[in-house]
>>> print(open('coords-v9.txt').read())   # compact mmCIF, C-alpha atoms
# COMPACT_ATOMS: atom_id res chain seq x y z
CA MET O 5 49.70 -40.65 9.50
CA LYS O 6 47.23 -41.66 12.23
CA ALA O 7 43.71 -40.26 11.88
CA VAL O 8 40.22 -40.81 13.31
CA VAL O 9 37.79 -41.74 10.52
CA TYR O 10 33.99 -41.69 10.43
CA LYS O 11 33.21 -45.09 8.93
CA GLU O 12 29.41 -45.25 9.24
CA LYS O 13 26.71 -44.44 11.74
CA GLY O 14 27.97 -45.50 15.15
CA VAL O 15 31.52 -46.28 14.01
CA PHE O 16 34.74 -44.24 14.29
CA SER O 17 38.14 -45.89 13.90
CA LEU O 18 41.80 -44.90 14.24
CA GLU O 19 43.47 -45.60 10.89
CA GLU O 20 46.57 -44.91 8.86
CA ARG O 21 45.92 -42.28 6.19
CA PRO O 22 48.22 -40.45 3.72
CA VAL O 23 49.52 -37.06 4.78
CA PRO O 24 47.33 -34.45 3.02
CA VAL O 25 48.70 -32.44 0.12
CA LEU O 26 47.87 -29.02 -1.30
CA GLN O 27 44.90 -29.14 -3.69
CA GLU O 28 44.22 -25.44 -4.30
CA PRO O 29 46.43 -22.31 -4.26
CA GLY O 30 44.63 -21.10 -1.11
CA ASP O 31 45.32 -24.28 0.87
CA ALA O 32 47.72 -24.71 3.78
CA ILE O 33 48.96 -27.91 5.38
CA VAL O 34 49.06 -27.70 9.16
CA LYS O 35 50.90 -30.05 11.49
CA VAL O 36 48.44 -30.59 14.33
CA THR O 37 50.09 -30.01 17.71
CA LEU O 38 46.90 -30.33 19.78
CA CYS O 39 43.33 -31.32 18.97
CA SER O 40 40.22 -32.12 20.96
CA ILE O 41 36.87 -33.88 20.81
CA CYS O 42 33.68 -31.84 20.54
CA SER O 43 30.13 -32.94 21.23
CA SER O 44 29.51 -32.30 17.52
CA ASP O 45 31.84 -35.23 16.79
CA LEU O 46 29.53 -37.39 18.87
CA HIS O 47 26.56 -36.08 16.90
CA ILE O 48 28.32 -37.24 13.72
CA ARG O 49 28.92 -40.69 15.15
CA HIS O 50 25.30 -40.91 16.25
CA GLY O 51 24.16 -40.13 12.72
CA SER O 52 22.63 -36.79 13.73
CA VAL O 53 24.57 -34.70 11.18
CA PRO O 54 23.07 -35.53 7.77
CA ARG O 55 25.80 -33.64 5.89
CA ALA O 56 28.62 -35.70 7.43
CA VAL O 57 30.36 -37.87 4.83
CA PRO O 58 31.44 -41.42 5.75
CA GLY O 59 35.15 -41.94 5.17
CA THR O 60 36.00 -38.43 6.38
CA ILE O 61 38.65 -37.75 9.03
CA VAL O 62 36.80 -36.09 11.90
CA GLY O 63 37.82 -33.27 14.20
CA HIS O 64 37.45 -29.49 14.05
CA GLU O 65 39.09 -28.27 17.27
CA MET O 66 42.81 -27.92 16.71
CA VAL O 67 45.93 -25.79 16.76
CA GLY O 68 49.19 -26.41 15.00
CA GLU O 69 52.04 -25.19 12.83
CA VAL O 70 51.93 -24.36 9.15
CA VAL O 71 54.27 -26.68 7.25
CA GLU O 72 53.27 -25.78 3.68
CA ALA O 73 51.29 -22.96 2.11
CA GLY O 74 49.84 -22.71 -1.39
CA SER O 75 50.85 -20.00 -3.84
CA GLY O 76 47.64 -18.08 -3.11
CA VAL O 77 48.17 -17.89 0.66
CA LYS O 78 49.31 -14.39 1.60
CA LYS O 79 49.04 -14.21 5.40
CA PHE O 80 50.86 -17.35 6.53
CA ARG O 81 54.10 -19.16 5.91
CA PRO O 82 55.73 -22.36 7.21
CA GLY O 83 56.59 -22.12 10.88
CA ASP O 84 53.61 -19.97 11.88
CA ARG O 85 51.71 -21.20 14.94
CA VAL O 86 48.00 -21.08 14.19
CA SER O 87 44.55 -21.88 15.48
CA VAL O 88 42.26 -23.50 12.91
CA ASN O 89 38.74 -22.21 12.37
CA VAL O 90 35.86 -24.69 12.57
CA GLU O 91 34.56 -23.12 9.34
CA THR O 92 36.14 -22.79 5.95
CA PHE O 93 34.88 -19.78 4.03
CA CYS O 94 35.68 -18.05 0.77
CA GLY O 95 35.28 -14.50 2.08
CA GLU O 96 33.72 -13.35 -1.18
CA CYS O 97 30.18 -14.74 -1.51
CA PHE O 98 27.00 -12.93 -0.40
CA TYR O 99 27.01 -14.49 3.06
CA CYS O 100 30.74 -14.12 3.72
CA ARG O 101 30.61 -10.41 2.86
CA LYS O 102 27.94 -10.00 5.53
CA GLY O 103 29.96 -11.98 8.09
CA PHE O 104 27.68 -15.03 7.90
CA VAL O 105 30.57 -17.37 7.19
CA ASN O 106 28.72 -20.46 8.41
CA ASN O 107 26.58 -20.13 5.28
CA CYS O 108 29.43 -19.65 2.80
CA THR O 109 28.15 -20.90 -0.55
CA ASP O 110 31.43 -22.48 -1.67
CA ALA O 111 31.28 -26.27 -1.96
CA HIS O 112 33.69 -26.49 0.99
CA GLY O 113 32.24 -23.52 2.86
CA GLY O 114 30.76 -23.48 6.36
CA TRP O 115 31.37 -26.38 8.70
CA ALA O 116 33.31 -28.65 6.38
CA LEU O 117 36.41 -29.68 8.35
CA GLY O 118 35.84 -32.99 10.04
CA CYS O 119 32.34 -33.24 8.59
CA ARG O 120 32.44 -33.10 4.78
CA ILE O 121 36.22 -32.87 4.25
CA ASP O 122 39.07 -34.30 6.29
CA GLY O 123 39.52 -32.67 9.67
CA GLY O 124 42.09 -32.44 12.41
CA GLN O 125 41.97 -35.47 14.68
CA ALA O 126 45.08 -36.46 12.81
CA GLU O 127 48.74 -35.63 12.55
CA TYR O 128 48.22 -33.19 9.67
CA VAL O 129 45.25 -31.35 8.16
CA ARG O 130 44.65 -29.49 4.90
CA VAL O 131 42.92 -26.15 5.49
CA PRO O 132 41.17 -24.60 2.45
CA PHE O 133 40.96 -20.80 2.24
CA ALA O 134 43.84 -20.67 4.71
CA ASP O 135 43.96 -16.87 4.81
CA ASN O 136 40.44 -16.95 6.27
CA GLY O 137 40.51 -20.25 8.16
CA LEU O 138 43.75 -19.79 10.10
CA ASN O 139 44.61 -17.29 12.83
CA ARG O 140 48.10 -16.59 14.11
CA ILE O 141 48.56 -17.44 17.78
CA PRO O 142 50.06 -14.43 19.61
CA GLU O 143 53.45 -14.75 21.22
CA GLY O 144 53.12 -15.89 24.81
CA VAL O 145 49.84 -17.77 24.20
CA SER O 146 50.24 -21.54 24.59
CA ASP O 147 48.66 -24.22 22.44
CA GLU O 148 46.35 -25.16 25.30
CA GLN O 149 45.24 -21.55 25.75
CA ALA O 150 44.44 -21.27 22.04
CA LEU O 151 43.00 -24.77 21.52
CA PHE O 152 39.30 -23.88 21.66
CA THR O 153 39.51 -20.57 19.79
CA GLY O 154 38.21 -21.79 16.44
CA ASP O 155 35.12 -23.62 17.69
CA ILE O 156 33.56 -23.66 21.17
CA LEU O 157 35.14 -20.39 22.29
CA SER O 158 34.04 -18.79 19.03
CA THR O 159 30.59 -20.20 19.72
CA GLY O 160 30.44 -18.67 23.19
CA TYR O 161 31.77 -15.36 21.88
CA TRP O 162 29.25 -15.33 19.01
CA ALA O 163 26.36 -16.19 21.33
CA ALA O 164 27.23 -13.44 23.80
CA GLN O 165 27.82 -10.91 21.03
CA ASN O 166 24.56 -11.60 19.20
CA SER O 167 22.29 -11.95 22.23
CA GLU O 168 22.47 -8.18 22.66
CA ILE O 169 23.59 -8.18 26.29
CA ARG O 170 23.43 -4.68 27.75
CA LYS O 171 25.26 -3.33 30.76
CA GLY O 172 23.24 -4.15 33.85
CA ASP O 173 21.21 -6.98 32.27
CA THR O 174 20.31 -10.21 34.01
CA VAL O 175 21.70 -13.03 31.85
CA LEU O 176 20.84 -16.71 32.29
CA VAL O 177 23.13 -19.32 30.71
CA LEU O 178 21.67 -22.81 30.61
CA GLY O 179 24.42 -25.42 30.72
CA ALA O 180 27.87 -25.44 32.32
CA GLY O 181 29.43 -27.78 29.82
CA PRO O 182 32.28 -26.57 27.60
CA VAL O 183 30.11 -24.32 25.40
CA GLY O 184 28.25 -22.99 28.42
CA LEU O 185 31.51 -22.18 30.20
CA CYS O 186 32.83 -20.36 27.14
CA THR O 187 29.54 -18.46 26.91
CA LEU O 188 29.78 -17.41 30.56
CA MET O 189 33.31 -16.09 30.02
CA CYS O 190 32.25 -14.10 26.96
CA ALA O 191 28.99 -12.80 28.44
CA ALA O 192 31.01 -11.16 31.21
CA LEU O 193 32.79 -9.01 28.61
CA TYR O 194 29.54 -7.04 28.19
CA GLU O 195 29.30 -6.12 31.89
CA PRO O 196 25.82 -7.48 32.66
CA GLY O 197 24.46 -6.76 36.12
CA THR O 198 24.00 -10.42 37.02
CA ILE O 199 24.99 -13.70 35.38
CA VAL O 200 23.10 -16.83 36.42
CA CYS O 201 24.19 -20.31 35.39
CA ALA O 202 21.96 -23.39 35.58
CA ASP O 203 23.13 -27.00 35.32
CA ILE O 204 22.20 -30.33 36.90
CA SER O 205 25.87 -31.18 37.58
CA GLU O 206 27.02 -29.92 40.98
CA GLU O 207 30.60 -30.60 39.94
CA ARG O 208 30.30 -28.25 36.96
CA LEU O 209 28.52 -25.66 39.06
CA ASP O 210 31.40 -25.87 41.55
CA LEU O 211 33.79 -25.01 38.72
CA VAL O 212 31.61 -22.02 37.80
CA ARG O 213 31.67 -20.88 41.43
CA SER O 214 35.40 -21.39 41.90
CA ARG O 215 36.23 -19.45 38.73
CA GLY O 216 33.76 -16.67 39.46
CA LEU O 217 32.03 -17.19 36.12
CA ALA O 218 28.52 -16.48 37.46
CA ASP O 219 26.98 -14.47 40.27
CA ARG O 220 24.44 -17.19 41.03
CA VAL O 221 24.29 -20.88 40.18
CA VAL O 222 21.12 -22.98 40.12
CA ASN O 223 20.61 -26.71 39.95
CA PRO O 224 17.17 -27.27 38.33
CA GLU O 225 16.87 -30.58 40.16
CA LYS O 226 16.95 -28.67 43.46
CA GLU O 227 15.44 -25.28 42.63
CA LYS O 228 13.05 -23.92 40.01
CA VAL O 229 15.05 -21.72 37.69
CA GLN O 230 12.08 -19.54 36.77
CA GLU O 231 11.32 -18.80 40.43
CA VAL O 232 14.95 -17.93 41.17
CA LEU O 233 14.98 -15.51 38.24
CA ARG O 234 11.69 -13.90 39.28
CA GLU O 235 12.96 -13.40 42.82
CA MET O 236 16.08 -11.69 41.46
CA THR O 237 14.27 -9.43 38.99
CA ASP O 238 11.09 -8.23 40.74
CA GLY O 239 9.09 -10.94 39.01
CA ARG O 240 10.24 -10.26 35.45
CA GLY O 241 12.70 -13.01 34.47
CA ALA O 242 16.01 -12.87 32.61
CA ASP O 243 16.66 -10.13 30.06
CA VAL O 244 18.73 -12.59 28.04
CA VAL O 245 18.67 -16.40 28.10
CA ILE O 246 21.40 -18.31 26.30
CA GLU O 247 20.58 -22.01 25.90
CA ALA O 248 23.85 -23.95 25.73
CA ALA O 249 22.71 -27.25 27.26
CA GLY O 250 20.69 -29.03 24.58
CA GLY O 251 18.90 -31.21 27.13
CA PRO O 252 15.43 -32.76 26.82
CA ASP O 253 13.66 -29.85 28.53
CA THR O 254 16.11 -26.96 28.26
CA PHE O 255 14.52 -25.33 25.21
CA GLN O 256 11.22 -25.02 27.09
CA LEU O 257 13.03 -23.77 30.19
CA ALA O 258 14.82 -21.13 28.11
CA TRP O 259 11.71 -19.30 26.94
CA GLN O 260 9.91 -19.78 30.25
CA ALA O 261 12.76 -18.15 32.19
CA ALA O 262 12.97 -15.11 29.89
CA ARG O 263 11.12 -11.92 30.74
CA PRO O 264 8.53 -10.48 28.35
CA ASN O 265 10.28 -8.83 25.38
CA GLY O 266 13.48 -10.64 26.30
CA ILE O 267 15.93 -12.42 24.01
CA VAL O 268 16.32 -16.20 23.90
CA TYR O 269 19.47 -17.35 22.17
CA ILE O 270 19.73 -21.03 21.23
CA VAL O 271 23.34 -22.07 20.78
CA ALA O 272 22.84 -25.74 21.68
CA LEU O 273 22.74 -28.44 19.01
CA TYR O 274 19.79 -30.77 19.50
CA GLU O 275 19.55 -34.33 18.27
CA GLU O 276 15.73 -34.19 18.26
CA ALA O 277 13.16 -31.67 17.03
CA GLN O 278 11.95 -29.12 19.56
CA SER O 279 8.41 -27.82 20.03
CA LEU O 280 7.62 -24.11 19.77
CA PRO O 281 4.38 -23.77 21.80
CA LEU O 282 3.23 -20.45 20.37
CA PRO O 283 -0.13 -20.30 22.18
CA ALA O 284 1.58 -20.73 25.57
CA MET O 285 4.17 -18.04 24.89
CA TYR O 286 1.80 -15.62 23.16
CA GLY O 287 2.11 -12.17 24.68
CA LYS O 288 5.68 -12.60 25.92
CA ASN O 289 6.87 -10.99 22.67
CA LEU O 290 10.15 -12.88 22.79
CA THR O 291 12.95 -12.62 20.25
CA PHE O 292 14.45 -16.00 19.36
CA LYS O 293 17.86 -16.40 17.73
CA THR O 294 19.51 -19.65 16.81
CA GLY O 295 21.85 -21.43 14.44
CA GLY O 296 25.43 -22.41 13.75
CA VAL O 297 28.28 -20.17 14.85
CA ASP O 298 29.73 -17.61 12.44
CA ALA O 299 33.33 -18.05 13.64
CA CYS O 300 34.85 -14.90 12.20
CA SER O 301 36.15 -13.21 15.38
CA CYS O 302 39.12 -15.47 16.13
CA ASP O 303 41.72 -12.70 16.01
CA GLU O 304 39.73 -10.71 18.57
CA ILE O 305 39.37 -13.78 20.76
CA LEU O 306 43.10 -14.56 20.60
CA ALA O 307 43.82 -10.95 21.59
CA LEU O 308 41.53 -11.32 24.62
CA ILE O 309 43.36 -14.53 25.55
CA ALA O 310 46.71 -12.76 25.26
CA GLU O 311 45.38 -9.96 27.50
CA GLY O 312 44.30 -12.50 30.12
CA ARG O 313 40.61 -11.63 29.80
CA ILE O 314 39.60 -15.13 28.68
CA ASP O 315 41.18 -18.36 29.92
CA THR O 316 39.66 -21.70 28.92
CA THR O 317 42.50 -23.91 30.17
CA CYS O 318 40.43 -24.69 33.27
CA MET O 319 38.26 -26.88 31.03
CA ILE O 320 41.10 -29.24 30.11
CA THR O 321 40.73 -32.13 32.53
CA HIS O 322 42.60 -34.81 30.57
CA ARG O 323 45.60 -35.06 28.23
CA PHE O 324 46.25 -38.02 25.94
CA PRO O 325 48.31 -38.97 22.88
CA LEU O 326 46.44 -39.48 19.60
CA GLU O 327 47.15 -43.22 19.64
CA ARG O 328 44.79 -43.53 22.65
CA ILE O 329 41.97 -41.46 21.18
CA MET O 330 39.45 -44.32 21.09
CA GLU O 331 39.84 -44.49 24.86
CA VAL O 332 39.41 -40.72 24.91
CA TYR O 333 36.08 -41.00 23.06
CA ASP O 334 34.82 -43.45 25.67
CA ILE O 335 35.80 -41.10 28.50
CA PHE O 336 34.28 -38.06 26.79
CA GLU O 337 31.00 -39.57 25.62
CA ASN O 338 30.28 -41.39 28.86
CA LYS O 339 31.43 -38.49 31.06
CA ARG O 340 33.91 -40.65 32.93
CA ASP O 341 36.49 -39.44 35.42
CA HIS O 342 34.98 -35.92 35.80
CA VAL O 343 35.83 -35.06 32.20
CA LEU O 344 35.18 -31.67 30.62
CA LYS O 345 37.58 -31.31 27.68
CA ILE O 346 40.53 -33.41 26.54
CA ALA O 347 43.71 -32.19 24.88
CA VAL O 348 45.00 -34.78 22.41
CA ALA O 349 48.60 -34.58 21.15
CA PRO O 350 49.31 -36.28 17.79
CA PHE O 351 53.09 -36.05 18.30
>>> encode(input="coords-v9.txt", output="structure tokens")
Amino acid sequence: MKAVVYKEKGVFSLEERPVPVLQEPGDAIVKVTLCSICSSDLHIRHGSVPRAVPGTIVGHEMVGEVVEAGSGVKKFRPGDRVSVNVETFCGECFYCRKGFVNNCTDAHGGWALGCRIDGGQAEYVRVPFADNGLNRIPEGVSDEQALFTGDILSTGYWAAQNSEIRKGDTVLVLGAGPVGLCTLMCAALYEPGTIVCADISEERLDLVRSRGLADRVVNPEKEKVQEVLREMTDGRGADVVIEAAGGPDTFQLAWQAARPNGIVYIVALYEEAQSLPLPAMYGKNLTFKTGGVDACSCDEILALIAEGRIDTTCMITHRFPLERIMEVYDIFENKRDHVLKIAVAPF
């Protein structure tokens, strides 16, 4: 089968690999019907993910059809259409029992697919702990609608859920890239009073406007975000700031734009260390939250998609076959041709 392989720092290649086989009773083999590229894949190629193992098939955004299930798999059988979770998790360890599946202590727990074990930018993928790592796609939901469920949509859902948004709050989302867009969609589920989105791309802000994903958009190159927030909130700042951009200055902007006693949620993945200037922020009494997504709400997300309350298909700007995926990487990494997300079809 064709598969994208992480060779070494800076090098991915499209290669022929054997079709995966069951290794454990809890495994399932999934025929990948659609996959996509995530910015985390670029982080792997750049050498910014120390846990990534050279020789691994990359890719962790995918949907497909179960073609084989191990004897220990109870929830799925061949023919089931499924989304695949970015995380594999045992469901039984200390962290899994608390819902912190990103920190599953199994050797293949947490973010393993496409990082430490073979992932889904391929024609087929082996999914360990399939009863936990797969979610059945509801009838009437297309592959494109479900494509981002297991990763970036889970990330946006998790960020909105854990940032403690209350009805009537002013929420600032930094970044209108794919994760930022998903976060905007999920923040709206909590009925905040005002959602503000900041990004330096007018094109992305236009998408936010056209889809009604925010009440106010701000381009930091044209307006000062902090001043806009103060004007909107009688000088206070945002109740909740969700940092989904990961830019050179966005971490500093996040805490500066938050009101005293506000919540700053860091969902972005940085390639460089960030400074926490405690003397400058002393007295703001901020609550910071950060870390990798615990992607354990996929069934709820798929139900919201089926109900029409979340629709991420507006992010798919390009569609390609797997055999052209090296071209796809060039388009995605260099932001060519107004790209946001790309749906890649292995078959």
>>> residues_near_point(input="coords-v9.txt", point="(13.1, -13.1, 27.7)", cutoff="9 Å", atoms="all atoms listed in the file", output="PyMOL selection string")
chain O and resi 240-245+258-268+288-292
>>> residues_near_point(input="coords-v9.txt", point="(49.1, -16.5, 22.9)", cutoff="10 Å", atoms="all atoms listed in the file", output="number ranges by chain")
O: 85-86, 140-150, 306-312
>>> write_last_selection(input="coords-v9.txt", atoms="C-alpha atoms", output="PDB file, in the coordinates of the input")
ATOM      1  CA  ARG O  85      51.710 -21.200  14.940  1.00  0.00           C
ATOM      2  CA  VAL O  86      48.000 -21.080  14.190  1.00  0.00           C
ATOM      3  CA  ARG O 140      48.100 -16.590  14.110  1.00  0.00           C
ATOM      4  CA  ILE O 141      48.560 -17.440  17.780  1.00  0.00           C
ATOM      5  CA  PRO O 142      50.060 -14.430  19.610  1.00  0.00           C
ATOM      6  CA  GLU O 143      53.450 -14.750  21.220  1.00  0.00           C
ATOM      7  CA  GLY O 144      53.120 -15.890  24.810  1.00  0.00           C
ATOM      8  CA  VAL O 145      49.840 -17.770  24.200  1.00  0.00           C
ATOM      9  CA  SER O 146      50.240 -21.540  24.590  1.00  0.00           C
ATOM     10  CA  ASP O 147      48.660 -24.220  22.440  1.00  0.00           C
ATOM     11  CA  GLU O 148      46.350 -25.160  25.300  1.00  0.00           C
ATOM     12  CA  GLN O 149      45.240 -21.550  25.750  1.00  0.00           C
ATOM     13  CA  ALA O 150      44.440 -21.270  22.040  1.00  0.00           C
ATOM     14  CA  LEU O 306      43.100 -14.560  20.600  1.00  0.00           C
ATOM     15  CA  ALA O 307      43.820 -10.950  21.590  1.00  0.00           C
ATOM     16  CA  LEU O 308      41.530 -11.320  24.620  1.00  0.00           C
ATOM     17  CA  ILE O 309      43.360 -14.530  25.550  1.00  0.00           C
ATOM     18  CA  ALA O 310      46.710 -12.760  25.260  1.00  0.00           C
ATOM     19  CA  GLU O 311      45.380  -9.960  27.500  1.00  0.00           C
ATOM     20  CA  GLY O 312      44.300 -12.500  30.120  1.00  0.00           C
TER      21      GLY O 312
END
>>> closest_residue(input="coords-v9.txt", among="O:Gly287, O:Gly118, O:Gly181, O:Gly124", to="Asp45 (chain O)", atoms="only C-alpha atoms")
O:Gly118
>>> closest_residue(input="coords-v9.txt", among="O:Ala180, O:Val53, O:Ala299, O:Ala284", to="Leu211 (chain O)", atoms="only C-alpha atoms")
O:Ala180
>>> residues_around(input="coords-v9.txt", residues="Pro22 (chain O)", least_positions_apart="6", cutoff="10 Å", atoms="only C-alpha atoms", output="PyMOL selection string")
chain O and resi 5-7+128
>>> residues_around(input="coords-v9.txt", residues="Gly172 (chain O)", least_positions_apart="5", cutoff="7 Å", atoms="all atoms listed in the file", output="VMD selection string")
chain O and resid 195 to 197
>>> closest_residue(input="coords-v9.txt", among="O:Phe152, O:Tyr274, O:Phe255, O:Phe133", to="Ser40 (chain O)", atoms="all atoms listed in the file")
O:Phe152
>>> atom_distance(input="coords-v9.txt", atom1="CA of Leu176 (chain O)", atom2="CA of Val200 (chain O)")
4.7 Å
>>> residues_around(input="coords-v9.txt", residues="region 184-190 of chain O", least_positions_apart="4", cutoff="8 Å", atoms="only C-alpha atoms", output="list of chain:residue names")
O:Ile156, O:Leu157, O:Thr159, O:Gly160, O:Tyr161, O:Ala163, O:Ala164, O:Val177, O:Leu178, O:Gly179, O:Ala180, O:Tyr194, O:Ile199, O:Cys201, O:Val212, O:Leu217, O:Ala218, O:Ala248, O:Ala249, O:Ile314, O:Thr316
>>> axis_aligned_box(input="coords-v9.txt", around="region 223-233 of chain O", padding_each_side="8 Å", output="JSON")
{"center_x": 16.0, "center_y": -23.0, "center_z": 40.1, "size_x": 25.3, "size_y": 31.1, "size_z": 22.7}
>>> atom_distance(input="coords-v9.txt", atom1="CA of Lys226 (chain O)", atom2="CA of Glu247 (chain O)")
19.1 Å
>>> atom_distance(input="coords-v9.txt", atom1="CA of Leu280 (chain O)", atom2="CA of Val105 (chain O)")
27.0 Å
>>> closest_residue(input="coords-v9.txt", among="O:Gln278, O:Thr92, O:Gln125, O:Asn338", to="Val36 (chain O)", atoms="all atoms listed in the file")
O:Gln125
>>> closest_residue(input="coords-v9.txt", among="O:Gly59, O:Pro281, O:Gly296, O:Pro182", to="Lys345 (chain O)", atoms="only C-alpha atoms")
O:Pro182
>>> closest_residue(input="coords-v9.txt", among="O:Leu257, O:Leu46, O:Val332, O:Val88", to="Asp155 (chain O)", atoms="all atoms listed in the file")
O:Val88
>>> build_atoms(input="coords-v9.txt", residues="region 36-43 of chain O", atoms="all heavy atoms", output="mmCIF file, keeping the file's coordinate frame")
data_model
loop_
_atom_site.group_PDB
_atom_site.id
_atom_site.type_symbol
_atom_site.label_atom_id
_atom_site.label_comp_id
_atom_site.auth_asym_id
_atom_site.auth_seq_id
_atom_site.Cartn_x
_atom_site.Cartn_y
_atom_site.Cartn_z
ATOM 1 N N VAL O 36 49.298 -30.766 13.172
ATOM 2 C CA VAL O 36 48.440 -30.590 14.330
ATOM 3 C C VAL O 36 49.247 -30.861 15.607
ATOM 4 O O VAL O 36 49.754 -31.963 15.805
ATOM 5 C CB VAL O 36 47.229 -31.537 14.260
ATOM 6 C CG1 VAL O 36 46.343 -31.370 15.499
ATOM 7 C CG2 VAL O 36 46.427 -31.278 12.983
ATOM 8 N N THR O 37 49.349 -29.850 16.458
ATOM 9 C CA THR O 37 50.090 -30.010 17.710
ATOM 10 C C THR O 37 49.169 -30.367 18.872
ATOM 11 O O THR O 37 49.588 -31.035 19.814
ATOM 12 C CB THR O 37 50.894 -28.745 18.042
ATOM 13 O OG1 THR O 37 50.024 -27.605 18.000
ATOM 14 C CG2 THR O 37 52.020 -28.552 17.032
ATOM 15 N N LEU O 38 47.917 -29.923 18.819
ATOM 16 C CA LEU O 38 46.900 -30.330 19.780
ATOM 17 C C LEU O 38 45.544 -30.351 19.081
ATOM 18 O O LEU O 38 45.259 -29.488 18.241
ATOM 19 C CB LEU O 38 46.803 -29.361 20.968
ATOM 20 C CG LEU O 38 47.759 -29.499 22.152
ATOM 21 C CD1 LEU O 38 47.376 -28.489 23.234
ATOM 22 C CD2 LEU O 38 47.782 -30.909 22.728
ATOM 23 N N CYS O 39 44.717 -31.310 19.436
ATOM 24 C CA CYS O 39 43.330 -31.320 18.970
ATOM 25 C C CYS O 39 42.451 -31.755 20.127
ATOM 26 O O CYS O 39 42.934 -32.080 21.214
ATOM 27 C CB CYS O 39 43.157 -32.244 17.760
ATOM 28 S SG CYS O 39 43.530 -33.987 18.060
ATOM 29 N N SER O 40 41.140 -31.728 19.902
ATOM 30 C CA SER O 40 40.220 -32.120 20.960
ATOM 31 C C SER O 40 38.978 -32.751 20.353
ATOM 32 O O SER O 40 38.783 -32.735 19.132
ATOM 33 C CB SER O 40 39.841 -30.909 21.827
ATOM 34 O OG SER O 40 39.139 -31.313 22.983
ATOM 35 N N ILE O 41 38.153 -33.304 21.213
ATOM 36 C CA ILE O 41 36.870 -33.880 20.810
ATOM 37 C C ILE O 41 35.770 -32.919 21.203
ATOM 38 O O ILE O 41 35.767 -32.365 22.308
ATOM 39 C CB ILE O 41 36.640 -35.243 21.484
ATOM 40 C CG1 ILE O 41 37.670 -36.256 21.002
ATOM 41 C CG2 ILE O 41 35.230 -35.755 21.208
ATOM 42 C CD1 ILE O 41 37.601 -37.580 21.737
ATOM 43 N N CYS O 42 34.827 -32.713 20.303
ATOM 44 C CA CYS O 42 33.680 -31.840 20.540
ATOM 45 C C CYS O 42 32.414 -32.698 20.561
ATOM 46 O O CYS O 42 32.362 -33.773 19.952
ATOM 47 C CB CYS O 42 33.606 -30.801 19.429
ATOM 48 S SG CYS O 42 32.193 -29.687 19.530
ATOM 49 N N SER O 43 31.403 -32.213 21.238
ATOM 50 C CA SER O 43 30.130 -32.940 21.230
ATOM 51 C C SER O 43 29.582 -33.090 19.814
ATOM 52 O O SER O 43 28.853 -34.051 19.520
ATOM 53 C CB SER O 43 29.107 -32.255 22.126
ATOM 54 O OG SER O 43 28.887 -30.920 21.716
#
